[in-house]
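Chemist: Input structure: target37.csv, which contains CSV, C-alpha atoms.
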```
chain,number,residue,atom,x,y,z
C,20,MET,CA,-16.7,-90.7,95.4
C,21,ASP,CA,-18.6,-92.3,98.3
C,22,GLY,CA,-22.1,-93.3,97.3
C,23,ARG,CA,-23.5,-93.1,100.8
C,24,PRO,CA,-26.3,-90.6,101.3
C,25,GLY,CA,-25.0,-87.2,102.6
C,26,ALA,CA,-21.4,-87.9,101.7
C,27,ARG,CA,-19.5,-85.1,100.1
C,28,SER,CA,-16.5,-85.2,97.8
C,29,THR,CA,-13.1,-83.9,98.8
C,30,PRO,CA,-13.3,-80.8,96.4
C,31,GLU,CA,-16.5,-79.7,98.1
C,32,LEU,CA,-15.0,-80.0,101.5
C,33,ARG,CA,-12.0,-78.0,100.4
C,34,LYS,CA,-14.3,-75.2,99.1
C,35,GLU,CA,-16.2,-75.1,102.3
C,36,ARG,CA,-13.0,-74.8,104.4
C,37,SER,CA,-11.8,-72.1,102.0
C,38,ARG,CA,-15.0,-70.1,102.5
C,39,ASP,CA,-14.8,-70.5,106.3
C,40,ALA,CA,-11.2,-69.3,106.3
C,41,ALA,CA,-12.1,-66.3,104.1
C,42,ARG,CA,-15.0,-65.4,106.5
C,43,CYS,CA,-12.6,-65.7,109.4
C,44,ARG,CA,-10.1,-63.4,107.7
C,45,ARG,CA,-12.7,-60.8,106.9
C,46,SER,CA,-14.0,-60.9,110.5
C,47,ARG,CA,-10.5,-60.3,111.9
C,48,GLU,CA,-9.8,-57.6,109.4
C,49,THR,CA,-13.0,-55.7,110.3
C,50,GLU,CA,-12.2,-56.0,114.0
C,51,VAL,CA,-8.7,-54.6,113.4
C,52,PHE,CA,-10.0,-51.6,111.3
C,53,TYR,CA,-12.7,-51.0,114.0
C,54,GLN,CA,-10.0,-50.8,116.7
C,55,LEU,CA,-7.8,-48.6,114.5
C,56,ALA,CA,-10.6,-46.2,113.7
C,57,HIS,CA,-11.3,-45.7,117.4
C,58,THR,CA,-7.7,-44.9,118.2
C,59,LEU,CA,-7.8,-41.9,115.9
C,60,PRO,CA,-8.2,-38.5,117.6
C,61,PHE,CA,-11.7,-37.9,116.3
C,62,ALA,CA,-15.1,-38.1,117.8
C,63,ARG,CA,-16.4,-41.7,118.2
C,64,GLY,CA,-19.5,-40.9,116.1
C,65,VAL,CA,-17.2,-39.7,113.3
C,66,SER,CA,-14.8,-42.7,113.4
C,67,ALA,CA,-17.6,-45.2,113.3
C,68,HIS,CA,-18.7,-44.0,109.8
C,69,LEU,CA,-15.2,-44.2,108.1
C,70,ASP,CA,-14.6,-46.7,105.4
C,71,LYS,CA,-11.4,-48.8,105.4
C,72,ALA,CA,-9.6,-46.6,102.8
C,73,SER,CA,-10.3,-43.5,104.9
C,74,ILE,CA,-9.1,-45.2,108.1
C,75,MET,CA,-5.8,-46.1,106.5
C,76,ARG,CA,-5.4,-42.6,105.0
C,77,LEU,CA,-6.1,-40.8,108.2
C,78,THR,CA,-4.0,-43.2,110.3
C,79,ILE,CA,-0.9,-42.7,108.1
C,80,ALA,CA,-1.4,-38.9,108.3
C,81,TYR,CA,-1.8,-39.1,112.1
C,82,LEU,CA,1.4,-41.1,112.4
C,83,ARG,CA,3.3,-38.6,110.3
C,84,VAL,CA,2.1,-35.7,112.5
C,85,HIS,CA,3.0,-37.7,115.7
C,86,ARG,CA,6.5,-38.3,114.3
C,87,LEU,CA,7.0,-34.6,113.6
C,88,LEU,CA,5.9,-33.7,117.2
C,89,ALA,CA,8.0,-36.4,118.7
C,90,ALA,CA,11.0,-35.0,116.9
C,91,GLY,CA,10.6,-31.8,118.9
C,92,ALA,CA,10.6,-29.3,115.9
C,93,TRP,CA,6.9,-28.4,116.3
C,94,ALA,CA,6.2,-29.3,119.9
C,95,ALA,CA,6.5,-25.8,121.4
C,96,ALA,CA,4.4,-24.3,118.6
C,97,ALA,CA,1.7,-27.0,118.9
C,98,GLU,CA,1.3,-26.3,122.6
C,99,GLY,CA,0.2,-22.7,121.9
C,100,VAL,CA,-2.5,-23.7,119.4
C,101,ASP,CA,-5.9,-24.3,121.1
C,102,GLY,CA,-9.5,-23.9,120.1
C,103,CYS,CA,-9.6,-20.1,120.9
C,104,TYR,CA,-6.6,-19.6,118.6
C,105,LEU,CA,-8.3,-21.3,115.7
C,106,LYS,CA,-11.5,-19.4,116.2
C,107,ALA,CA,-9.6,-16.2,116.0
C,108,LEU,CA,-8.0,-17.0,112.7
C,109,SER,CA,-9.6,-15.7,109.5
C,110,GLY,CA,-8.3,-18.8,107.7
C,111,PHE,CA,-7.0,-22.2,108.5
C,112,LEU,CA,-3.7,-24.0,109.3
C,113,MET,CA,-2.4,-26.5,106.8
C,114,VAL,CA,0.8,-28.7,107.1
C,115,LEU,CA,2.2,-30.1,103.9
C,116,SER,CA,4.9,-32.6,103.3
C,117,GLU,CA,7.6,-31.9,100.7
C,118,GLY,CA,5.6,-33.9,98.2
C,119,GLY,CA,2.4,-32.0,98.8
C,120,ASP,CA,0.5,-34.4,101.1
C,121,MET,CA,-1.8,-32.7,103.5
C,122,ILE,CA,-0.8,-34.3,106.7
C,123,PHE,CA,-2.7,-31.9,108.9
C,124,LEU,CA,-5.5,-29.2,108.6
C,125,SER,CA,-7.2,-27.4,111.3
C,126,GLU,CA,-11.0,-28.1,111.8
C,127,ASN,CA,-12.0,-24.6,110.5
C,128,VAL,CA,-10.9,-25.4,107.0
C,129,ASN,CA,-14.6,-26.0,106.1
C,130,ARG,CA,-15.3,-22.3,106.7
C,131,LEU,CA,-13.4,-21.3,103.6
C,132,LEU,CA,-13.5,-24.4,101.4
C,133,GLY,CA,-16.7,-26.2,102.5
C,134,LEU,CA,-14.7,-29.4,102.7
C,135,SER,CA,-14.1,-31.0,106.1
C,136,GLN,CA,-10.8,-31.8,107.8
C,137,LEU,CA,-11.5,-35.5,107.4
C,138,GLU,CA,-12.1,-35.2,103.6
C,139,LEU,CA,-8.8,-33.5,103.0
C,140,ILE,CA,-6.2,-35.0,105.4
C,141,GLY,CA,-4.0,-37.5,103.7
C,142,HIS,CA,-4.8,-36.4,100.2
C,143,SER,CA,-2.4,-34.5,97.9
C,144,VAL,CA,-2.9,-30.7,97.9
C,145,PHE,CA,-2.4,-30.7,94.2
C,146,ASP,CA,-5.7,-32.5,93.7
C,147,PHE,CA,-7.4,-29.4,95.1
C,148,VAL,CA,-5.2,-26.6,93.7
C,149,HIS,CA,-5.8,-25.0,90.3
C,150,PRO,CA,-3.5,-26.7,87.6
C,151,CYS,CA,-2.1,-23.3,86.7
C,152,ASP,CA,-0.8,-22.8,90.3
C,153,HIS,CA,0.9,-26.2,90.6
C,154,GLU,CA,4.3,-25.0,89.5
C,155,GLU,CA,4.4,-22.1,92.0
C,156,LEU,CA,3.3,-24.4,94.9
C,157,GLN,CA,5.9,-27.0,93.9
C,158,ASP,CA,8.6,-24.4,93.9
C,159,VAL,CA,7.6,-23.4,97.4
C,160,LEU,CA,7.7,-27.0,98.7
C,161,SER,CA,11.0,-27.8,97.0
C,162,PRO,CA,14.1,-28.0,99.3
C,163,HIS,CA,15.9,-25.1,97.7
C,164,GLN,CA,12.9,-22.7,98.4
C,165,GLY,CA,11.0,-24.2,101.3
C,166,GLY,CA,13.0,-23.0,104.3
C,167,GLY,CA,13.6,-19.4,103.2
C,168,ARG,CA,16.6,-19.2,105.5
C,169,ARG,CA,18.8,-16.2,105.6
C,170,ARG,CA,22.4,-16.0,106.7
C,171,GLY,CA,23.1,-16.8,110.4
C,172,GLY,CA,20.2,-19.3,110.6
C,173,GLU,CA,17.5,-16.6,110.7
C,174,ARG,CA,14.3,-17.8,109.0
C,175,SER,CA,12.3,-15.7,106.6
C,176,GLY,CA,8.7,-16.6,105.6
C,177,ARG,CA,7.1,-16.5,102.2
C,178,SER,CA,3.6,-15.5,101.1
C,179,PHE,CA,1.9,-16.4,97.8
C,180,ALA,CA,-1.5,-16.7,96.3
C,181,LEU,CA,-3.2,-19.7,94.7
C,182,ARG,CA,-6.6,-21.1,93.9
C,183,MET,CA,-8.2,-24.1,95.7
C,184,LYS,CA,-11.4,-25.9,95.2
C,185,SER,CA,-14.3,-24.7,97.3
C,186,THR,CA,-17.7,-26.3,97.6
C,187,LEU,CA,-19.3,-23.2,99.1
C,188,SER,CA,-21.7,-21.4,96.9
C,189,GLY,CA,-22.1,-17.6,96.9
C,190,ARG,CA,-25.1,-18.0,99.2
C,191,GLY,CA,-23.1,-20.2,101.6
C,192,ARG,CA,-24.6,-23.5,100.7
C,193,CYS,CA,-22.4,-26.6,100.3
C,194,LEU,CA,-22.2,-28.0,96.8
C,195,ASN,CA,-21.0,-31.3,95.5
C,196,LEU,CA,-17.3,-31.5,94.8
C,197,LYS,CA,-17.9,-31.9,91.1
C,198,ALA,CA,-19.7,-28.5,91.1
C,199,ALA,CA,-16.9,-26.8,93.2
C,200,SER,CA,-15.5,-23.4,92.1
C,201,TRP,CA,-12.0,-21.9,92.6
C,202,LYS,CA,-11.4,-19.8,95.6
C,203,GLY,CA,-8.5,-17.4,95.8
C,204,LEU,CA,-6.4,-17.8,99.0
C,205,LEU,CA,-3.3,-16.2,100.4
C,206,LEU,CA,-0.8,-18.6,102.0
C,207,SER,CA,2.1,-17.7,104.3
C,208,GLY,CA,4.5,-19.8,106.2
C,209,GLU,CA,7.8,-21.5,106.6
C,210,GLU,CA,9.5,-24.7,107.7
C,211,PRO,CA,9.7,-25.4,111.4
C,212,PRO,CA,12.7,-24.3,113.4
C,213,GLY,CA,15.6,-26.6,113.7
C,214,ALA,CA,18.4,-28.1,111.7
C,215,THR,CA,18.1,-29.5,108.2
C,216,PRO,CA,16.2,-32.8,108.4
C,217,ALA,CA,18.3,-36.0,108.0
C,218,LEU,CA,18.0,-38.3,105.0
C,219,GLY,CA,14.5,-39.9,104.9
C,220,GLN,CA,13.1,-37.5,107.5
C,221,GLU,CA,10.0,-35.3,106.8
C,222,ARG,CA,10.5,-31.8,105.7
C,223,PRO,CA,7.1,-30.3,106.5
C,224,HIS,CA,5.7,-26.8,105.7
C,225,ALA,CA,3.2,-25.0,107.9
C,226,LEU,CA,1.0,-22.7,106.0
C,227,LEU,CA,-1.5,-20.2,107.3
C,228,THR,CA,-4.2,-19.9,104.7
C,229,SER,CA,-6.6,-17.0,104.6
C,230,PRO,CA,-9.0,-15.4,102.1
C,231,GLY,CA,-8.5,-11.9,100.7
C,232,VAL,CA,-6.9,-12.4,97.3
C,233,PRO,CA,-8.4,-9.6,95.0
C,234,GLN,CA,-10.8,-10.9,92.4
C,235,LYS,CA,-8.8,-8.9,89.7
C,236,GLU,CA,-5.7,-10.9,90.6
C,237,ILE,CA,-7.6,-14.2,90.2
C,238,GLU,CA,-9.1,-13.1,86.9
C,239,GLY,CA,-5.6,-12.1,85.6
C,240,ARG,CA,-4.1,-15.5,86.3
C,241,PRO,CA,-4.0,-18.2,83.5
C,242,GLY,CA,-7.1,-20.3,83.5
C,243,GLY,CA,-9.1,-18.3,86.0
C,244,PRO,CA,-11.6,-17.9,87.2
C,245,PRO,CA,-13.6,-20.8,85.6
C,246,PRO,CA,-17.1,-21.5,86.7
C,247,GLY,CA,-15.9,-24.7,88.4
C,248,PRO,CA,-13.1,-27.3,88.0
C,249,ASN,CA,-13.5,-30.2,85.7
```
Turn the structure described in the file into structure tokens.
Modeler:
Amino acid sequence: MDGRPGARSTPELRKERSRDAARCRRSRETEVFYQLAHTLPFARGVSAHLDKASIMRLTIAYLRVHRLLAAGAWAAAAEGVDGCYLKALSGFLMVLSEGGDMIFLSENVNRLLGLSQLELIGHSVFDFVHPCDHEELQDVLSPHQGGGRRRGGERSGRSFALRMKSTLSGRGRCLNLKAASWKGLLLSGEEPPGATPALGQERPHALLTSPGVPQKEIEGRPGGPPPGPN
């Protein structure tokens, strides 16, 4: 070790270079995430407050939707959906992957569930559905059930009821997710038109979700209605 005043050992210099390199990597990473957040189709004020995990979750979901539209199966249907159409709905539109990932939800989802579009997109729908309803939903999403196709290529839809978490109280106030209750919903939908997807291609399900499940039906189901999910 050099005995001159101010001289530093080689290990100290290595540590300093390592810290500088780590700061540089973090700075570049933050810049990349900042740019990525502002390419998402959300208001700038919303994008600026997203954490890195949310940015990745929403980006992956956005790319999946973009791929579906680029494939042409949903392009015509998407063109007919605008703000007025969504306002006229008593419920919300939800697009699920075969595995149950919520790759798209319309903005008005918060009117029924109290949860925002950004809070739900990219998560598994099974995290928000009553455990006793998982089997039925999985059956709907499975390949042998999902399309509901009749002979000659004619499609037939399917409707079913399930319970999802809702953070809206009886007075319309928004509660914490841990205090959420189960809300009965009626879902109806089908796969998009077109041929059977190729190996590795998405098999999405568009579901129109609306309220109106009788309370008696919810009470008669296993496990319901509890005061709130665990």
Chemist: Excluding Leu69 in chain C and any residue of its chain fewer than 4 positions from it, enumerate the residues within 10 Å of it, using all atoms listed in the file, and give them as a short mmCIF file (atom, residue, chain, number, x, y, z; two decimals) with C-alpha atoms, in the coordinates of the input.
Modeler:
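result-v5.cif, freshly written:
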```
data_model
loop_
_atom_site.label_atom_id
_atom_site.label_comp_id
_atom_site.auth_asym_id
_atom_site.auth_seq_id
_atom_site.Cartn_x
_atom_site.Cartn_y
_atom_site.Cartn_z
CA PHE C 52 -10.00 -51.60 111.30
CA TYR C 53 -12.70 -51.00 114.00
CA ALA C 56 -10.60 -46.20 113.70
CA GLY C 64 -19.50 -40.90 116.10
CA VAL C 65 -17.20 -39.70 113.30
CA SER C 73 -10.30 -43.50 104.90
CA ILE C 74 -9.10 -45.20 108.10
CA MET C 75 -5.80 -46.10 106.50
CA LEU C 77 -6.10 -40.80 108.20
CA LEU C 137 -11.50 -35.50 107.40
#
```
Chemist: Figure out the distance between CA of Val159 in chain C and CA of Glu126 in chain C, please, to one decimal in Å.
Modeler: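 Interatomic distance, CA of Glu126 in chain C to CA of Val159 in chain C: 24.0 Å.
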Chemist: What is the distance between CA of Ser178 in chain C and CA of Gly208 in chain C, in Å to one decimal?
Modeler: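 Those two atoms sit 6.7 Å apart.
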Chemist: Do you know which residues are at most 7 Å from Arg182 in chain C counting all atoms listed in the file, after dropping those on the same chain fewer than 2 positions away, and could you put them as number ranges by chain?
Modeler: C: 148-149, 184, 201-204
Chemist: Taking 6 positions as the minimum chain separation for residues in the same chain, which residues sit within 9 Å of Gln157 in chain C when counting all atoms listed in the file? Answer as a list in words.
Modeler: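 Selected residues are Glu117, Gly118 and Gly119 of chain C.
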Chemist: How far is it from CA of Ala225 in chain C to CA of Ser207 in chain C, in Å with one decimal?
Modeler: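 Those two atoms sit 8.2 Å apart.
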Chemist: Between C:Ser185, C:Glu155, C:Ala199, C:Lys71, single out the one closest to Glu48 in chain C, counting all atoms listed in the file.
Modeler: C:Lys71
Chemist: Got a sec: who's within 12 Å of Thr78 in chain C, counting only C-alpha atoms, leaving out chain neighbours fewer than 2 positions off, as a PDB file with C-alpha atoms, in the frame of the given file?
Modeler:
```pdb
ATOM      1  CA  PHE C  52     -10.000 -51.600 111.300  1.00  0.00           C
ATOM      2  CA  GLN C  54     -10.000 -50.800 116.700  1.00  0.00           C
ATOM      3  CA  LEU C  55      -7.800 -48.600 114.500  1.00  0.00           C
ATOM      4  CA  ALA C  56     -10.600 -46.200 113.700  1.00  0.00           C
ATOM      5  CA  HIS C  57     -11.300 -45.700 117.400  1.00  0.00           C
ATOM      6  CA  THR C  58      -7.700 -44.900 118.200  1.00  0.00           C
ATOM      7  CA  LEU C  59      -7.800 -41.900 115.900  1.00  0.00           C
ATOM      8  CA  PRO C  60      -8.200 -38.500 117.600  1.00  0.00           C
ATOM      9  CA  PHE C  61     -11.700 -37.900 116.300  1.00  0.00           C
ATOM     10  CA  SER C  66     -14.800 -42.700 113.400  1.00  0.00           C
ATOM     11  CA  LEU C  69     -15.200 -44.200 108.100  1.00  0.00           C
ATOM     12  CA  LYS C  71     -11.400 -48.800 105.400  1.00  0.00           C
ATOM     13  CA  ALA C  72      -9.600 -46.600 102.800  1.00  0.00           C
ATOM     14  CA  SER C  73     -10.300 -43.500 104.900  1.00  0.00           C
ATOM     15  CA  ILE C  74      -9.100 -45.200 108.100  1.00  0.00           C
ATOM     16  CA  MET C  75      -5.800 -46.100 106.500  1.00  0.00           C
ATOM     17  CA  ARG C  76      -5.400 -42.600 105.000  1.00  0.00           C
ATOM     18  CA  ALA C  80      -1.400 -38.900 108.300  1.00  0.00           C
ATOM     19  CA  TYR C  81      -1.800 -39.100 112.100  1.00  0.00           C
ATOM     20  CA  LEU C  82       1.400 -41.100 112.400  1.00  0.00           C
ATOM     21  CA  ARG C  83       3.300 -38.600 110.300  1.00  0.00           C
ATOM     22  CA  VAL C  84       2.100 -35.700 112.500  1.00  0.00           C
ATOM     23  CA  HIS C  85       3.000 -37.700 115.700  1.00  0.00           C
ATOM     24  CA  ILE C 122      -0.800 -34.300 106.700  1.00  0.00           C
ATOM     25  CA  PHE C 123      -2.700 -31.900 108.900  1.00  0.00           C
ATOM     26  CA  LEU C 137     -11.500 -35.500 107.400  1.00  0.00           C
ATOM     27  CA  ILE C 140      -6.200 -35.000 105.400  1.00  0.00           C
ATOM     28  CA  GLY C 141      -4.000 -37.500 103.700  1.00  0.00           C
TER      29      GLY C 141
END
```
Chemist: Between C:Leu156, C:Cys151, C:Met121, C:Ala180, which residue has the minimum interatomic distance to Ile79 in chain C, considering only C-alpha atoms?
Modeler: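 So, comparing all the options, the nearest one is C:Met121.
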Chemist: Choose the residue, out of C:Cys193, C:Leu160, C:Leu181, C:Leu115, that has the smallest atom-to-atom separation from Arg130 in chain C; count all atoms listed in the file.
Modeler: C:Cys193
Chemist: Might you pull out every residue within 8 Å of Leu134 in chain C, with all atoms listed in the file counted and same-chain residues fewer than 3 positions away left off, and present them as a PyMOL selection string?
Modeler: chain C and resi 128-129+138-139+185-186
